[in-house]
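Colleague: Next comes the structure file coords33.txt, holding compact mmCIF, C-alpha atoms.
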# COMPACT_ATOMS: atom_id res chain seq x y z
CA MET A 128 85.51 -124.89 -16.50
CA GLY A 129 83.10 -127.66 -17.50
CA VAL A 130 80.10 -125.34 -17.94
CA LEU A 131 81.71 -123.93 -21.08
CA TYR A 132 81.08 -127.26 -22.81
CA ILE A 133 77.32 -127.05 -22.23
CA GLY A 134 76.86 -124.45 -24.95
CA TYR A 135 79.88 -125.71 -26.87
CA GLY A 136 78.35 -129.16 -27.26
CA LEU A 137 74.75 -128.10 -27.91
CA MET A 138 75.40 -125.37 -30.47
CA GLN A 139 77.68 -127.04 -33.01
CA ILE A 140 75.15 -129.06 -35.02
CA PRO A 141 72.51 -126.30 -35.42
CA SER A 142 75.28 -123.79 -36.13
CA ASN A 143 76.81 -125.86 -38.93
CA ILE A 144 73.38 -126.56 -40.45
CA TYR A 145 72.68 -122.82 -40.47
CA LEU A 146 76.14 -121.91 -41.77
CA ASN A 147 75.85 -124.38 -44.66
CA ARG A 148 72.73 -122.55 -45.92
CA LEU A 149 74.17 -119.04 -45.77
CA LYS A 150 75.44 -117.07 -48.74
CA ARG A 151 77.75 -115.05 -46.47
CA PRO A 152 79.12 -117.51 -43.90
CA SER A 153 82.11 -115.22 -43.39
CA LEU A 154 79.84 -112.62 -41.81
CA TYR A 155 78.30 -115.17 -39.47
CA LEU A 156 81.68 -116.60 -38.39
CA SER A 157 83.25 -113.17 -37.86
CA CYS A 158 80.35 -111.88 -35.77
CA CYS A 159 80.37 -115.00 -33.57
CA VAL A 160 84.12 -114.70 -33.01
CA PHE A 161 83.68 -111.00 -32.14
CA LEU A 162 81.01 -111.99 -29.61
CA TRP A 163 83.46 -114.60 -28.30
CA GLY A 164 85.96 -111.81 -27.60
CA ILE A 165 83.36 -109.62 -25.89
CA LEU A 166 82.27 -112.48 -23.62
CA SER A 167 85.90 -113.21 -22.77
CA ILE A 168 86.36 -109.61 -21.68
CA GLY A 169 83.12 -109.92 -19.71
CA THR A 170 84.48 -112.96 -17.90
CA GLY A 171 87.46 -110.91 -16.77
CA ALA A 172 85.19 -108.10 -15.59
CA ALA A 173 82.78 -110.38 -13.70
CA GLN A 174 82.35 -109.39 -10.07
CA SER A 175 80.41 -112.42 -8.85
CA PHE A 176 80.41 -116.18 -9.29
CA HIS A 177 77.03 -116.20 -11.04
CA THR A 178 78.08 -113.53 -13.53
CA ALA A 179 81.25 -115.45 -14.38
CA LEU A 180 79.20 -118.67 -14.69
CA VAL A 181 76.72 -117.15 -17.16
CA SER A 182 79.57 -115.59 -19.11
CA ARG A 183 81.32 -118.95 -19.44
CA ILE A 184 78.13 -120.69 -20.60
CA LEU A 185 77.51 -118.03 -23.26
CA LEU A 186 81.17 -118.20 -24.24
CA GLY A 187 80.67 -121.88 -25.04
CA PHE A 188 77.80 -121.06 -27.40
CA SER A 189 79.88 -118.49 -29.31
CA GLU A 190 82.99 -120.69 -29.49
CA ALA A 191 80.98 -123.64 -30.82
CA VAL A 192 80.52 -121.92 -34.18
CA TYR A 193 84.17 -121.65 -35.11
CA TYR A 194 86.03 -124.98 -35.34
CA PRO A 195 83.40 -127.15 -37.10
CA GLY A 196 82.33 -124.17 -39.19
CA ALA A 197 85.87 -123.46 -40.37
CA LEU A 198 86.43 -127.13 -41.27
CA LEU A 199 83.19 -127.17 -43.26
CA MET A 200 84.16 -124.03 -45.17
CA VAL A 201 87.62 -125.36 -46.00
CA SER A 202 86.06 -128.62 -47.23
CA ARG A 203 83.95 -126.61 -49.70
CA TRP A 204 87.05 -125.07 -51.33
CA TYR A 205 89.61 -127.88 -51.43
CA LYS A 206 89.70 -131.41 -52.81
CA ARG A 207 89.98 -134.43 -50.54
CA ASP A 208 93.72 -134.80 -51.23
CA GLU A 209 94.25 -131.12 -50.42
CA LEU A 210 92.17 -130.86 -47.28
CA GLY A 211 94.73 -132.26 -44.83
CA SER A 212 97.48 -129.78 -45.61
CA ARG A 213 94.98 -126.87 -45.54
CA MET A 214 93.72 -128.02 -42.15
CA ALA A 215 97.36 -128.18 -41.05
CA TYR A 216 97.62 -124.43 -41.66
CA PHE A 217 94.39 -124.00 -39.74
CA ILE A 218 95.56 -125.94 -36.68
CA CYS A 219 98.77 -123.94 -36.71
CA GLY A 220 96.70 -121.38 -34.88
CA VAL A 221 95.82 -123.91 -32.18
CA SER A 222 99.45 -124.97 -31.72
CA LEU A 223 100.68 -121.38 -31.71
CA ALA A 224 98.01 -120.48 -29.18
CA ASN A 225 99.14 -123.35 -26.98
CA ALA A 226 102.76 -122.30 -27.33
CA PHE A 227 102.60 -118.51 -27.12
CA GLY A 228 99.47 -118.45 -24.98
CA PHE A 229 101.59 -119.79 -22.13
CA LEU A 230 104.25 -117.15 -22.84
CA ILE A 231 101.67 -114.36 -22.87
CA ALA A 232 100.08 -115.73 -19.71
CA SER A 233 103.41 -115.83 -17.91
CA GLY A 234 104.13 -112.22 -18.91
CA VAL A 235 100.69 -110.92 -17.93
CA LEU A 236 100.60 -112.79 -14.62
CA ALA A 237 104.10 -111.58 -13.75
CA THR A 238 103.68 -107.89 -14.64
CA MET A 239 100.02 -106.82 -14.70
CA ASP A 240 98.80 -107.66 -11.20
CA GLY A 241 97.21 -104.57 -9.63
CA LYS A 242 97.36 -102.40 -12.76
CA LEU A 243 94.37 -100.01 -12.83
CA GLY A 244 93.04 -101.91 -9.83
CA TYR A 245 92.58 -105.24 -11.68
CA GLN A 246 94.10 -108.57 -10.75
CA ALA A 247 96.49 -110.23 -13.21
CA TRP A 248 94.08 -113.02 -14.14
CA ARG A 249 91.49 -110.40 -15.18
CA TRP A 250 94.06 -108.71 -17.42
CA LEU A 251 94.64 -112.06 -19.10
CA PHE A 252 90.97 -112.19 -20.15
CA PHE A 253 91.04 -108.51 -21.19
CA CYS A 254 94.10 -108.96 -23.41
CA GLU A 255 92.97 -112.18 -25.06
CA GLY A 256 89.37 -111.00 -25.51
CA GLY A 257 90.44 -107.66 -26.95
CA LEU A 258 92.82 -109.29 -29.43
CA THR A 259 90.05 -111.68 -30.47
CA CYS A 260 87.74 -108.74 -31.23
CA VAL A 261 90.41 -107.05 -33.38
CA ILE A 262 91.02 -110.23 -35.39
CA ALA A 263 87.27 -110.82 -35.81
CA ALA A 264 86.80 -107.30 -37.19
CA ALA A 265 89.58 -107.90 -39.73
CA ALA A 266 88.10 -111.30 -40.63
CA LEU A 267 85.04 -109.58 -42.12
CA TYR A 268 87.26 -108.50 -45.02
CA VAL A 269 89.54 -111.56 -45.18
CA VAL A 270 87.51 -114.75 -44.66
CA PRO A 271 86.03 -116.05 -47.96
CA ASP A 272 82.52 -117.37 -48.50
CA PHE A 273 81.60 -120.51 -50.45
CA PRO A 274 82.73 -120.96 -54.09
CA THR A 275 79.09 -120.51 -55.18
CA THR A 276 78.95 -117.03 -53.61
CA PRO A 277 80.12 -114.15 -55.87
CA ALA A 278 83.27 -112.49 -54.51
CA PHE A 279 85.05 -109.29 -55.54
CA TRP A 280 88.43 -111.04 -55.40
CA LEU A 281 87.38 -113.74 -57.90
CA THR A 282 86.65 -113.31 -61.59
CA GLY A 283 83.76 -115.25 -63.09
CA GLU A 284 86.21 -117.70 -64.66
CA GLU A 285 88.03 -118.26 -61.36
CA GLN A 286 84.78 -118.87 -59.52
CA ALA A 287 83.67 -121.36 -62.17
CA LEU A 288 87.06 -123.10 -61.87
CA ALA A 289 86.69 -123.36 -58.08
CA GLN A 290 83.31 -125.04 -58.50
CA LYS A 291 84.52 -127.32 -61.27
CA ARG A 292 87.46 -128.52 -59.17
CA MET A 293 85.12 -129.72 -56.45
CA GLU A 294 82.86 -131.46 -58.97
CA GLU A 295 85.84 -133.30 -60.46
CA ASP A 296 86.83 -134.52 -57.02
CA LEU A 297 83.56 -136.48 -56.81
CA ASN A 298 84.33 -138.62 -59.90
CA GLY A 299 80.72 -138.94 -60.95
CA ILE A 300 78.97 -138.65 -57.58
CA SER A 301 76.37 -135.90 -57.79
CA ARG A 302 76.35 -133.25 -55.09
CA ASP A 303 73.16 -132.25 -53.36
CA SER A 304 71.29 -129.67 -55.36
CA SER A 305 67.82 -129.58 -53.89
CA SER A 306 66.34 -128.25 -50.69
CA VAL A 307 65.00 -131.73 -50.02
CA VAL A 308 68.52 -133.08 -49.75
CA GLU A 309 69.56 -130.13 -47.60
CA GLU A 310 66.69 -130.80 -45.22
CA SER A 311 67.61 -134.48 -44.99
CA GLY A 312 71.27 -133.82 -44.14
CA LEU A 313 70.54 -134.04 -40.42
CA VAL A 314 68.66 -137.33 -40.79
CA GLU A 315 71.29 -138.77 -43.14
CA ALA A 316 74.13 -138.02 -40.75
CA LEU A 317 72.32 -139.25 -37.64
CA THR A 318 71.33 -142.53 -39.33
CA ASP A 319 74.75 -143.29 -40.87
CA TRP A 320 76.68 -145.68 -38.62
CA LYS A 321 79.99 -144.56 -40.16
CA VAL A 322 79.47 -141.02 -38.85
CA TRP A 323 78.71 -142.32 -35.37
CA TRP A 324 81.65 -144.75 -35.49
CA LEU A 325 84.14 -142.00 -36.29
CA ALA A 326 82.47 -139.66 -33.79
CA ILE A 327 82.88 -142.24 -31.01
CA ALA A 328 86.47 -143.02 -32.08
CA LEU A 329 87.25 -139.29 -31.98
CA SER A 330 85.65 -139.00 -28.54
CA VAL A 331 87.76 -141.86 -27.19
CA LEU A 332 90.83 -140.24 -28.75
CA THR A 333 89.88 -137.02 -26.95
CA ILE A 334 90.35 -138.80 -23.63
CA ALA A 335 93.91 -139.64 -24.68
CA LEU A 336 94.48 -135.99 -25.62
CA SER A 337 93.03 -134.63 -22.37
CA PHE A 338 96.57 -133.99 -21.13
CA THR A 339 96.51 -130.72 -23.09
CA PHE A 340 94.24 -129.09 -20.50
CA PHE A 341 96.68 -130.03 -17.73
CA PHE A 342 99.88 -129.29 -19.63
CA PRO A 343 101.08 -126.56 -17.21
CA THR A 344 100.29 -128.91 -14.30
CA LEU A 345 102.41 -131.67 -15.86
CA ALA A 346 105.22 -129.20 -16.50
CA ALA A 347 104.95 -127.90 -12.93
CA ALA A 348 105.79 -131.40 -11.66
CA MET A 349 109.39 -130.64 -12.68
CA GLY A 350 109.58 -128.25 -9.73
CA TYR A 351 110.19 -124.86 -11.35
CA SER A 352 108.49 -121.54 -10.56
CA PRO A 353 105.12 -120.75 -12.21
CA THR A 354 106.70 -118.30 -14.67
CA ILE A 355 109.47 -120.72 -15.72
CA THR A 356 106.93 -123.54 -15.93
CA LEU A 357 104.78 -121.57 -18.39
CA LEU A 358 107.85 -120.71 -20.46
CA LEU A 359 108.84 -124.38 -20.61
CA CYS A 360 105.39 -125.25 -22.00
CA ALA A 361 106.05 -123.43 -25.29
CA PRO A 362 108.83 -125.51 -26.99
CA PRO A 363 106.89 -128.83 -27.06
CA TRP A 364 103.99 -127.13 -28.86
CA VAL A 365 106.30 -125.44 -31.38
CA VAL A 366 107.85 -128.82 -32.26
CA GLY A 367 104.36 -130.32 -32.45
CA LEU A 368 103.34 -127.58 -34.88
CA LEU A 369 106.24 -128.29 -37.23
CA THR A 370 105.61 -132.03 -37.31
CA SER A 371 101.87 -131.45 -37.81
CA LEU A 372 102.56 -129.54 -41.03
CA PHE A 373 104.65 -132.42 -42.35
CA VAL A 374 102.26 -135.19 -41.27
CA MET A 375 99.14 -133.63 -42.76
CA GLY A 376 100.88 -132.63 -45.97
CA HIS A 377 102.26 -136.16 -46.42
CA SER A 378 98.82 -137.58 -45.61
CA ASP A 379 97.38 -135.63 -48.55
CA ARG A 380 100.13 -136.63 -50.96
CA THR A 381 99.77 -140.33 -50.16
CA ARG A 382 95.95 -140.20 -49.82
CA ASP A 383 96.29 -142.01 -46.52
CA ARG A 384 94.64 -141.05 -43.23
CA PHE A 385 94.84 -144.11 -40.99
CA TRP A 386 98.60 -144.56 -40.73
CA HIS A 387 99.14 -140.83 -40.41
CA ILE A 388 96.81 -140.91 -37.40
CA VAL A 389 98.36 -144.04 -35.89
CA GLY A 390 101.90 -142.67 -36.16
CA PRO A 391 101.42 -139.51 -34.05
CA VAL A 392 99.16 -141.33 -31.56
CA SER A 393 101.83 -144.02 -31.13
CA ILE A 394 104.45 -141.34 -30.45
CA GLY A 395 102.07 -139.89 -27.86
CA ILE A 396 101.79 -143.32 -26.22
CA ILE A 397 105.59 -143.40 -25.96
CA GLY A 398 105.41 -140.03 -24.21
CA PHE A 399 102.83 -141.35 -21.74
CA ALA A 400 105.00 -144.39 -21.08
CA MET A 401 108.06 -142.19 -20.45
CA ALA A 402 106.12 -140.13 -17.94
CA LEU A 403 104.93 -143.33 -16.29
CA ALA A 404 108.43 -144.73 -16.02
CA SER A 405 110.20 -141.86 -14.33
CA MET A 406 109.84 -138.63 -12.38
CA ASN A 407 113.28 -137.54 -13.59
CA THR A 408 113.11 -133.90 -14.72
CA LEU A 409 114.72 -134.45 -18.13
CA THR A 410 112.64 -137.56 -18.86
CA ARG A 411 109.44 -135.81 -17.87
CA TYR A 412 110.22 -132.81 -20.07
CA LEU A 413 111.11 -134.97 -23.06
CA SER A 414 107.83 -136.86 -22.57
CA LEU A 415 105.94 -133.60 -23.13
CA PHE A 416 107.53 -133.29 -26.59
CA PHE A 417 106.31 -136.79 -27.46
CA MET A 418 102.81 -136.13 -26.14
CA THR A 419 102.27 -133.02 -28.25
CA GLN A 420 102.98 -135.02 -31.42
CA SER A 421 99.64 -136.78 -30.97
CA MET A 422 97.54 -133.61 -31.27
CA VAL A 423 97.53 -133.65 -35.08
CA SER A 424 95.55 -136.90 -34.98
CA TYR A 425 92.40 -135.09 -33.81
CA THR A 426 92.20 -132.89 -36.89
CA LEU A 427 93.13 -135.79 -39.17
CA VAL A 428 90.17 -137.82 -37.89
CA LEU A 429 87.81 -134.91 -38.60
CA THR A 430 89.41 -134.48 -42.03
CA TRP A 431 88.89 -138.19 -42.71
CA LEU A 432 85.25 -137.84 -41.72
CA SER A 433 84.84 -134.94 -44.13
CA ASN A 434 86.55 -136.96 -46.89
CA SER A 435 84.08 -139.80 -46.31
CA ILE A 436 80.99 -137.63 -46.95
CA PRO A 437 81.60 -136.21 -50.44
CA GLU A 438 78.12 -136.10 -51.95
CA SER A 439 76.18 -133.95 -49.47
CA SER A 440 77.46 -130.73 -47.92
CA SER A 441 74.51 -130.70 -45.51
CA LYS A 442 75.29 -134.21 -44.27
CA ARG A 443 78.96 -133.28 -44.00
CA ALA A 444 78.09 -130.19 -41.99
CA VAL A 445 76.12 -132.26 -39.48
CA GLY A 446 78.70 -135.07 -39.41
CA ILE A 447 81.60 -132.74 -38.62
CA ALA A 448 79.60 -130.92 -35.95
CA LEU A 449 78.31 -134.16 -34.42
CA ALA A 450 81.78 -135.65 -34.07
CA HIS A 451 83.31 -132.47 -32.69
CA SER A 452 80.44 -131.77 -30.28
CA LEU A 453 80.44 -135.34 -28.95
CA ALA A 454 84.19 -135.11 -28.40
CA SER A 455 83.70 -131.75 -26.66
CA ILE A 456 81.16 -133.25 -24.26
CA VAL A 457 83.52 -136.15 -23.52
CA ASN A 458 86.14 -133.52 -22.66
CA VAL A 459 84.10 -132.64 -19.57
CA GLY A 460 84.37 -136.19 -18.24
CA ALA A 461 87.98 -136.55 -19.38
CA SER A 462 89.00 -133.76 -17.03
CA TYR A 463 88.17 -136.06 -14.12
CA ALA A 464 90.95 -138.39 -15.28
CA TRP A 465 93.43 -135.91 -13.82
CA PRO A 466 92.48 -135.45 -10.14
CA ALA A 467 95.00 -133.60 -8.00
CA ALA A 468 95.16 -136.62 -5.68
CA TRP A 469 96.88 -138.58 -8.48
CA GLY A 470 99.62 -135.98 -8.85
CA PRO A 471 102.39 -135.25 -9.28
CA SER A 472 103.11 -138.60 -10.98
CA TYR A 473 99.59 -138.99 -12.49
CA THR A 474 100.30 -142.67 -13.12
CA ASN A 475 96.63 -143.62 -13.39
CA SER A 476 95.96 -140.68 -15.70
CA PHE A 477 98.65 -141.74 -18.13
CA LEU A 478 97.38 -145.33 -18.07
CA ILE A 479 93.90 -144.06 -18.99
CA CYS A 480 95.39 -142.06 -21.87
CA ILE A 481 97.27 -145.11 -23.19
CA LEU A 482 94.15 -147.28 -23.01
CA ALA A 483 92.01 -144.65 -24.77
CA ALA A 484 94.61 -144.22 -27.50
CA LEU A 485 94.74 -147.98 -28.18
CA VAL A 486 90.93 -148.27 -28.31
CA SER A 487 90.68 -145.37 -30.77
CA ILE A 488 93.37 -146.92 -32.99
CA TYR A 489 91.43 -150.20 -33.08
CA MET A 490 88.18 -148.42 -34.01
CA LEU A 491 89.89 -146.50 -36.80
CA TRP A 492 91.49 -149.71 -38.08
CA VAL A 493 88.02 -151.30 -38.35
CA TYR A 494 86.78 -148.23 -40.23
CA ARG A 495 89.73 -148.39 -42.63
CA LEU A 496 89.00 -152.06 -43.42
CA HIS A 497 85.38 -151.13 -44.19
CA LEU A 498 86.44 -148.40 -46.63
CA ILE A 499 88.93 -150.72 -48.32
CA ASN A 500 86.14 -153.25 -48.87
CA LEU A 501 83.88 -150.55 -50.35
CA ASN A 502 86.67 -149.48 -52.73
CA LYS A 503 87.25 -153.11 -53.80
CA LYS A 504 83.54 -153.59 -54.53
CA GLU A 505 83.45 -150.41 -56.60
CA GLU A 506 86.55 -151.49 -58.52
CA MET A 507 85.02 -154.90 -59.22
CA ASN A 508 81.77 -153.33 -60.50
CA GLU A 509 83.72 -151.04 -62.82
CA HIS A 510 85.70 -153.98 -64.16
CA VAL A 511 82.60 -156.14 -64.77
CA LEU A 512 80.56 -153.34 -66.34
CA ASP A 513 83.54 -151.81 -68.17
CA LEU A 514 83.04 -148.42 -66.48
CA PRO A 515 85.64 -145.65 -66.07
CA THR A 516 87.40 -145.31 -62.73
CA GLY A 517 85.05 -143.61 -60.29
CA PHE A 518 85.02 -142.41 -56.73
CA ARG A 519 87.34 -144.01 -54.17
CA TYR A 520 87.32 -143.45 -50.42
CA VAL A 521 90.47 -142.09 -48.84
CA THR A 522 91.75 -144.68 -46.38
Show this structure as structure tokens.

Modeller:
Amino acid sequence: MGVLYIGYGLMQIPSNIYLNRLKRPSLYLSCCVFLWGILSIGTGAAQSFHTALVSRILLGFSEAVYYPGALLMVSRWYKRDELGSRMAYFICGVSLANAFGFLIASGVLATMDGKLGYQAWRWLFFCEGGLTCVIAAAALYVVPDFPTTPAFWLTGEEQALAQKRMEEDLNGISRDSSSVVEESGLVEALTDWKVWWLAIALSVLTIALSFTFFFPTLAAAMGYSPTITLLLCAPPWVVGLLTSLFVMGHSDRTRDRFWHIVGPVSIGIIGFAMALASMNTLTRYLSLFFMTQSMVSYTLVLTWLSNSIPESSSKRAVGIALAHSLASIVNVGASYAWPAAWGPSYTNSFLICILAALVSIYMLWVYRLHLINLNKKEEMNEHVLDLPTGFRYVT
């Protein structure tokens, strides 16, 4: 499992740098997702350990393109106070995959074993990989490029409006326009402590969210059959999806990120505490509903990072990829917080999640105070120099 994150962690920064310079990023994303599907099918067809290992490593490289690349593309089309709700629609796919992926898995594992001579787990890779390829082929005609790229579905006036909207969102800050700035995006991101601070906070938060990889295991502690257990995994993710849409939309309307991150994470902490307190079946199942509420916080932190780098798309591309790749690498270590020896109660695991959640909240609180101070300084300068209201950081 962990070998997937080798390519996943290494590829994100160079991929986002490359994607940011393309005129047709939709083609690049679609081809990488298609390759993702092919490699998934190949994993199911693997006949030896080494073949499966290589397939998983390559799968990590192809998967690395998608999430940070999609966030970068969305940030090029929507203003800072629109980005959260748009990312909410994007993460709907993640929540739906978590919900219905378990349902599909339960159906495939229960009915496909031995069909055409293949084991059920192989059919699971075949079905998911094949569906991925179909969606990637359709994406070639659906996924848009950047506002600066001519598109058949936009008139010249509409394209100009899309570009003007993004310029207005900067309130006087000039976007990068030279190759020199594009080349320095990597250096700018790697030397900006704010990028590293949010990247580390996101990585710590990832430890708290590591329960997602062991969700069926936590549900299995209730004592039901494997098929029923997978079916029970779906409702918590559906509820989490609905609340994510509300939280991210409200975050945009209020131009607030911090409290909309703290709220869901705090609900997740309550879920961890409930699981700590009792092995009662009903209590344990309710705790899963609370835990899934915290998942929206991950995307909100990345959205906040994107909001905090308005002037340079190249720096933003690296910043998003850096934070997501660092969190992905931490995921490898976070999996060791759930050893089978600690089950079925997983008391120590839940304590680790609570501690990680509290540390990440503290780091984000420090970051919020820094942005508030920057906004106050800018407001004071405008007042002294009698300047119009300019750029303000979203806090």

Colleague: Go through A:Arg380, A:Arg203, A:Arg411, A:Arg519 and flag the residue nearest Pro271 in chain A, using all atoms listed in the file for the distances.

Modeller: A:Arg203

Colleague: Under the rule of at most 9 Å, produce a per-residue listing of range 186-252 of chain A near range 364-371 of chain A: chain, number, name, the closest pair of atoms, and the distance in Å, as JSON lines, using all atoms listed in the file.

Modeller:
{"residue": "A:Ala215", "atom": "CA", "partner": "A:Ser371", "partner_atom": "CA", "distance": 6.4}
{"residue": "A:Ile218", "atom": "CA", "partner": "A:Leu368", "partner_atom": "CA", "distance": 8.2}
{"residue": "A:Cys219", "atom": "CA", "partner": "A:Leu368", "partner_atom": "CA", "distance": 6.1}
{"residue": "A:Val221", "atom": "CA", "partner": "A:Leu368", "partner_atom": "CA", "distance": 8.8}
{"residue": "A:Ser222", "atom": "CA", "partner": "A:Leu368", "partner_atom": "CA", "distance": 5.7}
{"residue": "A:Leu223", "atom": "CA", "partner": "A:Val365", "partner_atom": "CA", "distance": 6.9}
{"residue": "A:Ala224", "atom": "CA", "partner": "A:Trp364", "partner_atom": "CA", "distance": 8.9}
{"residue": "A:Asn225", "atom": "CA", "partner": "A:Trp364", "partner_atom": "CA", "distance": 6.4}
{"residue": "A:Ala226", "atom": "CA", "partner": "A:Trp364", "partner_atom": "CA", "distance": 5.2}
{"residue": "A:Phe227", "atom": "CA", "partner": "A:Trp364", "partner_atom": "CA", "distance": 8.9}

Colleague: What does the file look like for those residues with C-alpha atoms, as a short mmCIF file (atom, residue, chain, number, x, y, z; two decimals), in the coordinates of the input?

Modeller:
data_model
loop_
_atom_site.label_atom_id
_atom_site.label_comp_id
_atom_site.auth_asym_id
_atom_site.auth_seq_id
_atom_site.Cartn_x
_atom_site.Cartn_y
_atom_site.Cartn_z
CA ALA A 215 97.36 -128.18 -41.05
CA ILE A 218 95.56 -125.94 -36.68
CA CYS A 219 98.77 -123.94 -36.71
CA VAL A 221 95.82 -123.91 -32.18
CA SER A 222 99.45 -124.97 -31.72
CA LEU A 223 100.68 -121.38 -31.71
CA ALA A 224 98.01 -120.48 -29.18
CA ASN A 225 99.14 -123.35 -26.98
CA ALA A 226 102.76 -122.30 -27.33
CA PHE A 227 102.60 -118.51 -27.12
#

Colleague: Do a neighbour search on Thr178 in chain A at 10 Å with all atoms listed in the file, toss out local chain neighbours closer than 6 positions, and write the hits as a CSV table (one decimal) with C-alpha atoms, in the frame of the given file.

Modeller:
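Output saved as out_13.csv:
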chain,number,residue,atom,x,y,z
A,169,GLY,CA,83.1,-109.9,-19.7
A,170,THR,CA,84.5,-113.0,-17.9
A,172,ALA,CA,85.2,-108.1,-15.6

Colleague: By how many Å are CA of Met422 in chain A and CA of Leu336 in chain A apart?

Modeller: 6.9 Å

Colleague: What's the 10 Å shell around Pro277 in chain A, counting all atoms listed in the file, without same-chain residues fewer than 6 positions away, as an NGL selection string?

Modeller: :A and (150-151 or 283 or 286)

Colleague: At a cut-off of 12 Å from (76.8, -117.2, -52.1) in the coordinates of the file, what residues are picked up using only C-alpha atoms, written as a ChimeraX atom specification?

Modeller: /A:146-154,271-279,286

Colleague: Excluding Val392 in chain A and residues on its chain fewer than 3 positions from it, collect all residues at most 10 Å away from it, counting only C-alpha atoms, and give them as a PyMOL selection string.

Modeller: chain A and resi 332+335-336+386-389+395-398+417-425+481+484-485+487-488

Colleague: Out of A:Leu243, A:Leu496, A:Met401, A:Ala287, which residue has the shortest atom-to-atom distance to Phe416 in chain A when counting all atoms listed in the file?

Modeller: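 Using all atoms listed in the file, Phe416 in chain A sits closest to A:Met401.
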
Colleague: For the atom pair CA of Ala454 in chain A and CA of Ala328 in chain A, what is the interatomic distance in Å to one decimal place?

Modeller: 9.0 Å

Colleague: Quick one: residues within 7 Å of Cys159 in chain A, all atoms listed in the file counted, chain neighbours fewer than 4 positions away excluded, as a list in words?

Modeller: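 In the requested format, the answer is Tyr155, Trp163, Ser189 and Val192 of chain A.
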
Colleague: For Val201 in chain A, which of A:Met138, A:Val160, A:Leu358, A:Ala444 is the closest residue, counting all atoms listed in the file?

Modeller: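 Counting all atoms listed in the file, the residue closest to Val201 in chain A is A:Ala444.
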
Colleague: At a cut-off of 10 Å around the point (104.6, -144.3, -16.5) (file coordinates), what residues fall inside when counting only C-alpha atoms? I'd like the answer as an MDAnalysis selection string.

Modeller: chainID A and resid 397:406 411 472:478 481

Colleague: Compare A:Val322, A:Ala483, A:Ala448, A:Leu297 by their minimum atom-to-atom distance to Thr516 in chain A, counting all atoms listed in the file, and give me the closest one.

Modeller: A:Leu297

Colleague: From the options A:Ala232, A:Met490, A:Ala468, A:Val270, which residue's atoms come nearest to Leu357 in chain A, counting all atoms listed in the file?

Modeller: A:Ala232

Colleague: Considering all atoms listed in the file, state which residue in the set A:Leu501, A:Leu137, A:Met293, A:Leu372 is at the smallest distance from Leu449 in chain A.

Modeller: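 Of all the options, A:Leu137 lies closest to Leu449 in chain A.
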
Colleague: State, in Å with one decimal place, the distance from CA of Ile140 in chain A to CA of Val445 in chain A.

Modeller: 5.6 Å

Colleague: Show me, as a list in words, the residues that have an atom within 10 Å of Ala237 in chain A when counting all atoms listed in the file, minus same-chain residues fewer than 6 positions from it.

Modeller: Ile231, Ala247, Pro353 and Thr354 of chain A

Colleague: Using the partial input, fill out range 367-377 of chain A with N, CA and C atoms; write the result as a tab-separated table (two decimals), keeping the file's coordinate frame.

Modeller:
chain	number	residue	atom	x	y	z
A	367	GLY	N	105.59	-129.66	-31.99
A	367	GLY	CA	104.36	-130.32	-32.45
A	367	GLY	C	103.77	-129.65	-33.66
A	368	LEU	N	103.85	-128.33	-33.73
A	368	LEU	CA	103.34	-127.58	-34.88
A	368	LEU	C	104.10	-127.95	-36.15
A	369	LEU	N	105.42	-128.00	-36.06
A	369	LEU	CA	106.24	-128.29	-37.23
A	369	LEU	C	105.98	-129.70	-37.76
A	370	THR	N	105.87	-130.66	-36.87
A	370	THR	CA	105.61	-132.03	-37.31
A	370	THR	C	104.19	-132.18	-37.85
A	371	SER	N	103.25	-131.40	-37.32
A	371	SER	CA	101.87	-131.45	-37.81
A	371	SER	C	101.80	-131.04	-39.27
A	372	LEU	N	102.54	-130.00	-39.63
A	372	LEU	CA	102.56	-129.54	-41.03
A	372	LEU	C	103.06	-130.65	-41.95
A	373	PHE	N	104.10	-131.34	-41.53
A	373	PHE	CA	104.65	-132.42	-42.35
A	373	PHE	C	103.68	-133.59	-42.45
A	374	VAL	N	103.13	-134.02	-41.31
A	374	VAL	CA	102.26	-135.19	-41.27
A	374	VAL	C	101.03	-135.00	-42.13
A	375	MET	N	100.38	-133.84	-42.01
A	375	MET	CA	99.14	-133.63	-42.76
A	375	MET	C	99.41	-133.42	-44.24
A	376	GLY	N	100.52	-132.78	-44.57
A	376	GLY	CA	100.88	-132.63	-45.97
A	376	GLY	C	101.19	-133.98	-46.61
A	377	HIS	N	101.94	-134.83	-45.91
A	377	HIS	CA	102.26	-136.16	-46.42
A	377	HIS	C	101.01	-137.03	-46.50
